[in-house]
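Participant: data_11.tsv (TSV, C-alpha atoms) pasted underneath:
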chain	number	residue	atom	x	y	z
A	14	MET	CA	-15.71	27.05	-12.66
A	15	THR	CA	-15.47	23.94	-14.84
A	16	TYR	CA	-12.73	22.89	-17.25
A	17	ASP	CA	-12.00	20.17	-19.80
A	18	ARG	CA	-8.89	18.06	-19.26
A	19	TYR	CA	-6.36	17.57	-22.07
A	20	GLY	CA	-8.04	15.52	-24.81
A	21	GLN	CA	-11.58	16.10	-23.44
A	22	GLY	CA	-14.46	18.35	-24.51
A	23	LEU	CA	-13.30	21.76	-25.73
A	24	THR	CA	-9.65	21.14	-24.84
A	25	ALA	CA	-8.65	19.62	-28.14
A	26	SER	CA	-4.90	19.78	-27.44
A	27	ARG	CA	-3.09	16.69	-26.20
A	28	ASP	CA	-1.10	16.53	-23.01
A	29	PRO	CA	2.54	17.06	-24.10
A	30	LEU	CA	3.46	14.19	-21.74
A	31	ASP	CA	1.58	11.74	-24.00
A	32	SER	CA	4.48	11.65	-26.46
A	33	GLU	CA	6.80	10.47	-23.68
A	34	LYS	CA	4.56	7.93	-21.94
A	35	GLU	CA	3.20	4.84	-23.68
A	36	LEU	CA	-0.30	4.85	-22.19
A	37	GLY	CA	-0.39	8.62	-21.82
A	38	HIS	CA	-0.51	10.88	-18.76
A	39	ASP	CA	-1.74	9.58	-15.42
A	40	LEU	CA	-4.08	10.84	-12.70
A	41	LEU	CA	-1.27	12.57	-10.86
A	42	ASP	CA	-0.42	14.50	-14.02
A	43	VAL	CA	-4.10	15.50	-14.23
A	44	ALA	CA	-4.03	16.68	-10.60
A	45	ASN	CA	-0.92	18.75	-11.39
A	46	ASP	CA	-2.71	20.31	-14.39
A	47	LEU	CA	-5.61	21.23	-12.13
A	48	HIS	CA	-3.18	23.00	-9.83
A	49	GLU	CA	-1.78	24.96	-12.77
A	50	ILE	CA	-5.29	26.15	-13.61
A	51	ILE	CA	-6.09	27.09	-10.02
A	52	ASN	CA	-2.74	28.84	-9.63
A	53	THR	CA	-3.18	30.77	-12.88
A	54	VAL	CA	-6.70	31.95	-11.98
A	55	ALA	CA	-5.66	32.86	-8.43
A	56	THR	CA	-2.61	34.86	-9.47
A	57	SER	CA	-3.89	36.48	-12.70
A	58	LYS	CA	-7.56	37.11	-11.88
A	59	LEU	CA	-7.90	37.21	-8.09
A	60	GLY	CA	-4.82	39.18	-7.11
A	61	LEU	CA	-3.46	36.36	-4.92
A	62	GLN	CA	0.05	34.95	-4.55
A	63	SER	CA	0.78	31.26	-5.24
A	64	SER	CA	1.50	30.78	-1.53
A	65	ASP	CA	-2.02	32.01	-0.67
A	66	ILE	CA	-3.43	28.78	-2.14
A	67	LYS	CA	-1.73	26.47	0.35
A	68	ASP	CA	-2.50	28.95	3.11
A	69	GLY	CA	-6.19	28.33	2.43
A	70	LYS	CA	-7.04	31.86	1.26
A	71	LEU	CA	-8.89	30.52	-1.79
A	72	HIS	CA	-11.01	28.28	0.43
A	73	LEU	CA	-11.57	25.92	-2.49
A	74	VAL	CA	-14.59	23.68	-2.97
A	75	LEU	CA	-13.80	20.82	-5.39
A	76	ILE	CA	-16.44	18.68	-7.10
A	77	GLY	CA	-15.30	15.46	-8.77
A	78	ALA	CA	-17.47	12.94	-10.64
A	79	SER	CA	-16.41	9.37	-11.48
A	80	ILE	CA	-12.66	9.45	-12.29
A	81	GLY	CA	-12.75	13.12	-11.23
A	82	ALA	CA	-13.28	11.89	-7.67
A	83	LEU	CA	-9.86	10.21	-7.83
A	84	VAL	CA	-8.31	13.39	-9.26
A	85	THR	CA	-9.91	15.39	-6.44
A	86	ARG	CA	-8.49	13.10	-3.75
A	87	LEU	CA	-5.00	13.19	-5.30
A	88	TYR	CA	-5.17	16.97	-5.58
A	89	VAL	CA	-6.05	17.40	-1.92
A	90	GLN	CA	-3.40	14.86	-0.85
A	91	HIS	CA	-0.75	16.88	-2.68
A	92	HIS	CA	-2.06	20.31	-1.66
A	93	PRO	CA	-2.85	20.13	2.05
A	94	GLY	CA	-4.35	23.31	3.45
A	95	ALA	CA	-5.95	24.54	0.21
A	96	VAL	CA	-9.38	22.92	0.18
A	97	ALA	CA	-12.41	23.69	2.37
A	98	GLY	CA	-15.01	21.37	0.85
A	99	ILE	CA	-15.27	18.33	-1.42
A	100	ILE	CA	-18.19	16.71	-3.26
A	101	LEU	CA	-17.53	13.22	-4.69
A	102	LEU	CA	-20.13	12.03	-7.22
A	103	ASP	CA	-20.16	8.25	-7.74
A	104	SER	CA	-16.41	7.80	-7.38
A	105	ASN	CA	-14.62	5.51	-9.75
A	106	ILE	CA	-12.95	2.54	-8.05
A	107	ALA	CA	-9.50	1.73	-9.35
A	108	VAL	CA	-9.72	-2.01	-10.11
A	109	ASP	CA	-9.98	-4.05	-13.30
A	110	TYR	CA	-13.39	-5.35	-14.36
A	111	SER	CA	-11.74	-8.54	-15.66
A	112	ASP	CA	-10.64	-9.31	-12.07
A	113	VAL	CA	-14.20	-8.89	-10.86
A	114	TRP	CA	-16.32	-10.54	-13.56
A	115	PRO	CA	-15.38	-14.26	-13.45
A	116	ASP	CA	-13.44	-15.52	-16.49
A	117	PRO	CA	-15.70	-17.97	-18.38
A	118	ASP	CA	-12.59	-19.78	-19.71
A	119	ALA	CA	-10.99	-20.34	-16.30
A	120	PRO	CA	-10.84	-24.04	-15.28
A	121	ASP	CA	-12.77	-23.43	-12.04
A	122	PHE	CA	-15.46	-21.24	-13.66
A	123	ASP	CA	-18.95	-22.01	-12.39
A	124	PRO	CA	-21.67	-20.97	-14.90
A	125	LYS	CA	-24.21	-20.91	-12.06
A	126	LEU	CA	-22.51	-17.72	-10.87
A	127	VAL	CA	-23.57	-15.80	-13.96
A	128	VAL	CA	-26.53	-17.51	-15.63
A	129	SER	CA	-29.98	-16.35	-14.58
A	130	ASP	CA	-33.44	-15.62	-16.03
A	131	ASP	CA	-32.21	-12.58	-17.96
A	132	CYS	CA	-28.75	-13.87	-18.88
A	133	THR	CA	-27.49	-16.93	-20.76
A	134	LEU	CA	-23.82	-17.98	-20.67
A	135	GLU	CA	-23.37	-16.55	-24.17
A	136	GLN	CA	-24.86	-13.20	-23.12
A	137	TYR	CA	-22.49	-13.20	-20.17
A	138	ARG	CA	-19.49	-13.73	-22.46
A	139	VAL	CA	-20.59	-10.81	-24.66
A	140	ALA	CA	-21.29	-8.49	-21.73
A	141	ARG	CA	-17.93	-9.30	-20.08
A	142	ALA	CA	-16.01	-8.81	-23.33
A	143	LYS	CA	-17.67	-5.41	-23.91
A	144	ILE	CA	-17.09	-4.16	-20.39
A	145	THR	CA	-13.44	-5.24	-20.20
A	146	ALA	CA	-12.61	-3.94	-23.71
A	147	MET	CA	-13.94	-0.55	-22.66
A	148	PHE	CA	-12.94	-0.13	-19.04
A	149	ASP	CA	-9.98	-2.33	-18.10
A	150	LEU	CA	-7.22	-0.17	-16.68
A	151	LYS	CA	-4.67	-0.86	-19.42
A	152	VAL	CA	-7.08	-0.08	-22.27
A	153	LYS	CA	-5.92	3.02	-24.17
A	154	ASN	CA	-8.52	5.78	-24.37
A	155	ALA	CA	-9.05	8.75	-26.65
A	156	GLU	CA	-8.13	11.16	-23.87
A	157	GLY	CA	-4.68	9.59	-23.41
A	158	LEU	CA	-5.39	9.11	-19.71
A	159	ASP	CA	-3.36	6.22	-18.32
A	160	ARG	CA	-5.32	4.58	-15.49
A	161	SER	CA	-3.02	1.57	-15.10
A	162	ASN	CA	-1.31	2.90	-11.96
A	163	SER	CA	-4.53	4.14	-10.33
A	164	PRO	CA	-4.79	1.16	-7.90
A	165	ALA	CA	-1.26	2.04	-6.72
A	166	LEU	CA	-2.07	5.77	-6.46
A	167	LEU	CA	-5.30	5.22	-4.52
A	168	PRO	CA	-5.29	1.70	-3.05
A	169	HIS	CA	-7.85	2.42	-0.31
A	170	ALA	CA	-11.35	3.85	-0.11
A	171	ASP	CA	-10.92	5.16	3.43
A	172	ALA	CA	-7.32	6.40	3.41
A	173	PRO	CA	-5.29	8.54	3.42
A	174	LYS	CA	-7.06	11.19	5.46
A	175	LEU	CA	-7.26	14.52	3.68
A	176	VAL	CA	-6.03	17.77	5.18
A	177	GLY	CA	-7.91	20.92	4.26
A	178	VAL	CA	-7.92	24.59	5.23
A	179	GLY	CA	-6.36	25.27	8.63
A	180	GLY	CA	-4.94	21.74	8.87
A	181	LYS	CA	-8.42	20.32	9.43
A	182	GLY	CA	-10.33	17.70	7.43
A	183	PRO	CA	-12.39	19.30	4.65
A	184	GLN	CA	-16.20	19.26	4.66
A	185	LEU	CA	-17.13	16.22	2.57
A	186	THR	CA	-20.21	15.02	0.66
A	187	VAL	CA	-20.15	11.49	-0.79
A	188	VAL	CA	-22.88	10.77	-3.36
A	189	GLY	CA	-23.62	7.32	-4.83
A	190	HIS	CA	-25.81	6.32	-7.78
A	191	ASP	CA	-29.22	4.71	-7.36
A	192	PRO	CA	-28.51	0.95	-7.76
A	193	VAL	CA	-31.81	0.30	-9.58
A	194	THR	CA	-31.34	3.15	-12.09
A	195	PHE	CA	-27.70	2.15	-12.57
A	196	ALA	CA	-28.64	-1.43	-13.53
A	197	GLU	CA	-31.36	-0.15	-15.89
A	198	MET	CA	-28.95	2.28	-17.60
A	199	SER	CA	-26.21	-0.35	-17.98
A	200	PHE	CA	-28.79	-2.49	-19.71
A	201	MET	CA	-29.87	0.34	-22.04
A	202	MET	CA	-26.38	1.63	-22.88
A	203	MET	CA	-24.32	-1.56	-23.02
A	204	GLY	CA	-26.92	-4.33	-23.10
A	205	THR	CA	-25.57	-5.57	-19.78
A	206	PRO	CA	-28.16	-7.92	-18.26
A	207	LYS	CA	-29.45	-6.30	-15.04
A	208	SER	CA	-28.62	-9.37	-12.98
A	209	LEU	CA	-24.95	-8.91	-13.93
A	210	SER	CA	-24.85	-5.26	-12.85
A	211	GLU	CA	-26.32	-6.29	-9.55
A	212	LYS	CA	-23.83	-9.13	-9.08
A	213	PHE	CA	-20.61	-7.58	-10.29
A	214	THR	CA	-20.75	-3.90	-9.53
A	215	ASN	CA	-21.21	-5.09	-5.98
A	216	ALA	CA	-18.40	-7.62	-6.29
A	217	TYR	CA	-16.14	-4.90	-7.67
A	218	VAL	CA	-16.39	-3.11	-4.37
A	219	LYS	CA	-15.91	-6.33	-2.44
A	220	LEU	CA	-12.64	-6.97	-4.25
A	221	MET	CA	-11.42	-3.52	-3.33
A	222	ILE	CA	-12.13	-4.16	0.31
A	223	GLU	CA	-10.48	-7.60	0.29
A	224	ALA	CA	-7.40	-6.12	-1.35
A	225	ARG	CA	-6.74	-4.01	1.73
B	16	MET	CA	-25.25	-18.31	-5.65
B	17	ASN	CA	-22.15	-16.85	-4.02
B	18	ARG	CA	-23.31	-14.44	-1.38
B	19	LEU	CA	-20.53	-11.98	-2.19
B	20	PHE	CA	-21.99	-11.28	-5.59
B	21	THR	CA	-25.54	-10.75	-4.49
B	22	ASP	CA	-25.21	-8.66	-1.35
B	23	ASN	CA	-26.02	-5.04	-2.13
B	24	ARG	CA	-24.06	-3.81	0.85
B	25	TYR	CA	-20.74	-4.27	-0.94
B	26	TRP	CA	-21.50	-1.59	-3.50
B	27	ALA	CA	-22.16	0.83	-0.69
B	28	LYS	CA	-18.99	-0.09	1.17
B	29	TYR	CA	-16.58	1.79	-1.05
B	30	ASN	CA	-18.57	4.99	-0.66
B	31	LYS	CA	-18.80	4.36	3.06
B	32	GLY	CA	-15.00	4.09	3.12
B	33	LEU	CA	-14.77	7.47	1.38
B	34	THR	CA	-16.74	9.14	4.17
B	35	LYS	CA	-13.77	8.41	6.46
B	36	ILE	CA	-11.14	10.39	4.52
B	37	THR	CA	-11.94	13.53	6.49
B	38	ASP	CA	-12.24	14.39	10.20
B	39	GLU	CA	-15.11	12.97	12.22
B	40	GLY	CA	-18.20	15.13	11.98
B	41	LYS	CA	-17.21	16.59	8.58
B	42	CYS	CA	-19.24	14.14	6.46
B	43	ASP	CA	-22.91	13.23	6.87
B	44	GLY	CA	-22.54	9.74	5.39
B	45	VAL	CA	-23.33	8.51	1.89
B	46	VAL	CA	-26.13	10.26	0.01
B	47	ILE	CA	-27.84	8.18	-2.69
B	48	ALA	CA	-28.89	10.24	-5.73
B	49	LYS	CA	-32.35	8.82	-6.33
B	50	GLY	CA	-33.14	8.01	-9.95
B	51	CYS	CA	-29.53	8.64	-11.05
B	52	GLY	CA	-27.11	6.37	-12.89
B	53	HIS	CA	-23.34	6.90	-12.89
B	54	PHE	CA	-23.47	10.41	-14.39
B	55	ILE	CA	-25.28	12.08	-11.53
B	56	GLN	CA	-24.65	15.62	-12.78
B	57	GLU	CA	-26.40	14.75	-16.08
B	58	ASP	CA	-29.22	12.70	-14.59
B	59	ASP	CA	-30.19	15.26	-11.95
B	60	PRO	CA	-28.39	18.62	-12.34
B	61	SER	CA	-30.57	20.37	-9.75
B	62	PHE	CA	-29.69	17.72	-7.14
B	63	VAL	CA	-26.01	18.50	-7.71
B	64	ALA	CA	-26.62	22.27	-7.72
B	65	LYS	CA	-28.38	22.01	-4.34
B	66	GLY	CA	-25.46	19.97	-3.01
B	67	VAL	CA	-23.03	22.67	-4.12
B	68	GLU	CA	-25.14	25.45	-2.55
B	69	SER	CA	-25.35	23.58	0.72
B	70	MET	CA	-21.60	22.89	0.69
B	71	ILE	CA	-20.82	26.56	0.10
B	72	LYS	CA	-23.01	27.51	3.08
B	73	LYS	CA	-21.27	24.94	5.28
B	74	VAL	CA	-17.76	26.16	4.46
B	75	ALA	CA	-18.58	29.88	4.49
B	76	TRP	CA	-16.20	31.90	6.62
Re-express the file's structure as structure tokens.
Facilitator:
Amino acid sequence: MTYDRYGQGLTASRDPLDSEKELGHDLLDVANDLHEIINTVATSKLGLQSSDIKDGKLHLVLIGASIGALVTRLYVQHHPGAVAGIILLDSNIAVDYSDVWPDPDAPDFDPKLVVSDDCTLEQYRVARAKITAMFDLKVKNAEGLDRSNSPALLPHADAPKLVGVGGKGPQLTVVGHDPVTFAEMSFMMMGTPKSLSEKFTNAYVKLMIEAR
Amino acid sequence: MNRLFTDNRYWAKYNKGLTKITDEGKCDGVVIAKGCGHFIQEDDPSFVAKGVESMIKKVAW
């Protein structure tokens, strides 16, 4: 079963919470919505009680891509006992790109960090401006999904441990993108010089690890 | 060049961290989706479908 979140795909309606919150609803709200869907299907279509979900009778397998990986983790953290298996496809990492891509206007900025055969300083400025205008955590998006508290909701890659059916850890598959294809696609879609994808998508992860 | 920015291992580290959020023996490490960018389900739907099938077999009860 797949579904579209509020403000995505075929779900044209807005999350009612968006009128109360400046940047919109957050990832925890999305995880709560997911539970509503699961609960509704379980109780109206499968003849189960709400309590059967936490008892593991649904034996759920959740698949989350990108920001969906964060939703999946939050869901399992808040519903221990319900999930048997998880597939995470190229998880989003909750940090700001502007913290990772060096600021060209900072006094200690070293152009040697960014300039290479496929990238002039001017190209770097353009690429950084595009990426941060699109993806920084406080940027409003059409969905009304507020990502600004996501580093606080999920500060670590390797914690907390998830509890699945029967109080045991769920079966888990972690899938990552192909770094070569990723750099090529960033170049095609955003004009990001490949050398920058290689430098800063890696650095993005480094920052996450240092922040621990 | 700053080594931090050029070492490919750092990209992999976040995913490696994720493999530890379950019990030992419940995750077979990080799988790289060959030829896929960020939207793995669009770039290689059959790869994802096979992953789902194999997951369902593993958790069957």
Participant: May I ask which of the residues A:Glu33, A:Leu40, A:Gly69, A:Asp123 is the closest one to Gly179 in chain A, counting all atoms listed in the file?
Facilitator: A:Gly69
Participant: Quick one: of B:Ser69, B:Ala27, B:Gly40, B:Gly52, who's nearest to chain A, counting only C-alpha atoms?
Facilitator: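 The answer is B:Gly52, which sits nearest to chain A.
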Participant: Considering only C-alpha atoms, state which residue in the set A:Asn105, A:Ile100, A:Ser64, A:Asp28 is at the smallest distance from Glu68 in chain B.
Facilitator: A:Ile100
Participant: Neighbouring residues of range 16-23 of chain A were defined as those with any atom within 10 Å, considering all atoms listed in the file; residues of the same chain fewer than 5 positions away were excluded. Please report them as a PyMOL selection string.
Facilitator: chain A and resi 28-29+38+43+46-47+50+154-158
Participant: Counting all atoms listed in the file, I want the residues whose atoms come within 12 Å of (-21.6, 24.3, 3.7) in the file frame, returned as a ChimeraX atom specification.
Facilitator: /A:72-74,97-100,183-186 /B:41-43,65-76
Participant: Could you tell me which residues of chain A sit within 6 Å of chain B when counting all atoms listed in the file, and give me the result as an mmCIF file with C-alpha atoms, in the coordinates of the input?
Facilitator:
data_model
loop_
_atom_site.group_PDB
_atom_site.id
_atom_site.type_symbol
_atom_site.label_atom_id
_atom_site.label_comp_id
_atom_site.auth_asym_id
_atom_site.auth_seq_id
_atom_site.Cartn_x
_atom_site.Cartn_y
_atom_site.Cartn_z
ATOM 1 C CA LEU A 126 -22.510 -17.720 -10.870
ATOM 2 C CA ALA A 170 -11.350 3.850 -0.110
ATOM 3 C CA ASP A 171 -10.920 5.160 3.430
ATOM 4 C CA ALA A 172 -7.320 6.400 3.410
ATOM 5 C CA LYS A 174 -7.060 11.190 5.460
ATOM 6 C CA LEU A 175 -7.260 14.520 3.680
ATOM 7 C CA GLY A 182 -10.330 17.700 7.430
ATOM 8 C CA GLN A 184 -16.200 19.260 4.660
ATOM 9 C CA LEU A 185 -17.130 16.220 2.570
ATOM 10 C CA THR A 186 -20.210 15.020 0.660
ATOM 11 C CA VAL A 187 -20.150 11.490 -0.790
ATOM 12 C CA VAL A 188 -22.880 10.770 -3.360
ATOM 13 C CA GLY A 189 -23.620 7.320 -4.830
ATOM 14 C CA HIS A 190 -25.810 6.320 -7.780
ATOM 15 C CA ASP A 191 -29.220 4.710 -7.360
ATOM 16 C CA THR A 194 -31.340 3.150 -12.090
ATOM 17 C CA PHE A 195 -27.700 2.150 -12.570
ATOM 18 C CA LYS A 212 -23.830 -9.130 -9.080
ATOM 19 C CA ASN A 215 -21.210 -5.090 -5.980
ATOM 20 C CA ALA A 216 -18.400 -7.620 -6.290
ATOM 21 C CA VAL A 218 -16.390 -3.110 -4.370
ATOM 22 C CA LYS A 219 -15.910 -6.330 -2.440
#
Participant: Restricting the calculation to all atoms listed in the file: of A:Leu167, A:Met147, A:Ala55, A:Val178, which residue gets closest to Pro93 in chain A?
Facilitator: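 Closest to Pro93 in chain A of all the choices is A:Val178.
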Participant: So what do you get for CA of Val193 in chain A versus CA of Ser208 in chain A, distance-wise?
Facilitator: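 These atoms are spaced 10.7 Å apart.
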Participant: Have a look at CA of Ser163 in chain A and CA of Ala95 in chain A and let me know their distance in Å, one decimal.
Facilitator: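 Answer for the CA of Ser163 in chain A to CA of Ala95 in chain A separation: 23.0 Å.
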